[in-house]
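Only one structure is covered here, and it is reproduced in the block below.
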Amino acid sequence: MTDASIYRPARKPAAYYRMRRRIVRFFQGAALLLVLIYTLFPYYWAFVSSTKQGAALYRSALVPALDFTYYRQLIDNPVFMGSLLNSAYVAVSTTFLSLVIGLSAAYALGRIDFPQRRAMLMIVLMISIFPQVVVLSGMFELINWMGLFNRPSALVLTYLLSTVPFTTWILTTFIREFPRELEEAAIIDGCSHFRILMKILLPLMGPSLASTGILAFILAWNEFLFALTFTLTDENRTVPVAIGLIAGNSRYEYPFGQIMAASVTVTLPLILLVLFFQRRIVAGLTAGAVKG
């Protein structure tokens, strides 16, 4: 018997594979460029529009006019600057309280075994996806009964309704990824659950706390419906409501340039905050992705 000949395809030259890698990289770069243009162009267009005056606002020129009159008007406007301070106070307070309450609840749901744990997690998830309109009337009655109407503290209380379930659910997934051997060794040494959380788990949760805190801060900073409902005077309003109430010199004038300048000013702190904590945010979002 003669051995059957085996067909082997000719090996392609190395130049072919180099060319293929270059083509793949080109399309990957093009796709990344399109995504960046799609996400960053609205912010750039808002900046371009905020530097134009009069009829120039209706021209489609992509080069900014570099006229910062609207920004100077915002800085000189005590109502807008006060709304910035109100938003900062409300967002920082909401983020801090959300992390404190959410971390305690997340440790209980992630580490302590009790029969209703799964049901509690489902309840937390359901609360976090409730639309704001569902609880608006009830929260209005509660805020009015507590005497917090038209105060920034009322917004802190109402924002916790959405940020605490969110932070609890996210931090629970992080806590579950830590090895139980850490707690078992601490329990043998006589540590309580509170000391385990504060001395062992908390130092390891810096990236997860940073990423969760940034997201909670953004939610509180951008919220509009509760801020519009529970604040009445200009001295107590937050930035989203202040921007929504910007009016022109007459009923027929739409203050497009002022609104764009205010939008850029309000978005800038969020961009700086994300850039400052970007490493911790990435580390927190990828924590637990690889085991072992």
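Ligands are numbered from 1 in the order shown, chains are lettered A, B, ... in the order of the structure tokens, and residues start at 1 in each chain.
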Excluding same-chain residues fewer than 5 positions from range 55-63 of chain A, what lies within 12 Å of it counting only C-alpha atoms, as a ChimeraX atom specification? /A:41-42,44-50,254-258,260
Would you export the selected residues with C-alpha atoms as a short mmCIF file (atom, residue, chain, number, x, y, z; two decimals), in the first residue's frame, please?
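The result, stored in part.cif:
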data_model
loop_
_atom_site.label_atom_id
_atom_site.label_comp_id
_atom_site.auth_asym_id
_atom_site.auth_seq_id
_atom_site.Cartn_x
_atom_site.Cartn_y
_atom_site.Cartn_z
CA PHE A 41 -18.39 66.56 19.99
CA PRO A 42 -21.55 67.66 21.92
CA TYR A 44 -17.10 70.78 22.17
CA TRP A 45 -20.09 72.23 20.34
CA ALA A 46 -21.47 73.55 23.63
CA PHE A 47 -18.13 75.29 24.27
CA VAL A 48 -18.08 76.72 20.73
CA SER A 49 -21.63 78.01 21.11
CA SER A 50 -20.88 79.54 24.50
CA TYR A 254 -33.94 82.11 23.88
CA PRO A 255 -30.67 82.44 25.85
CA PHE A 256 -28.85 79.68 23.98
CA GLY A 257 -25.36 81.08 24.57
CA GLN A 258 -25.89 81.54 28.31
CA MET A 260 -24.30 76.54 26.80
#
Residue contacts of Thr51 in chain A (6 Å, only C-alpha atoms) excluding same-chain residues fewer than 4 positions away, as an MDAnalysis selection string: chainID A and resid 65:68
Using only C-alpha atoms, which residues sit within 12 Å of Ser137 in chain A once same-chain residues fewer than 5 positions away are excluded, as a ChimeraX atom specification? /A:132,142-144,158,225-226,229-230
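If you measure from each of A:Val239, A:Ile112, A:Met139, A:Val164 to Val264 in chain A using only C-alpha atoms, the closest one turns out to be A:Val239.
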Residues of range 1-215 of chain A in alpha helix (DSSP H) according to DSSP, as a PyMOL selection string? chain A and resi 14-50+69-75+78-111+117-128+132-145+152-177+180-188+193-196+202-204+206-215
Which of these residues is nearest to Ala108 in chain A, using only C-alpha atoms: A:Thr173, A:Ile37, A:Phe224, A:Asn150? A:Thr173
Hey, what's within 10 Å of Ala105 in chain A if we count only C-alpha atoms and toss same-chain stuff fewer than 3 positions away? As a ChimeraX atom specification, please? /A:99-102,108-110,164-165,167-169,171-172
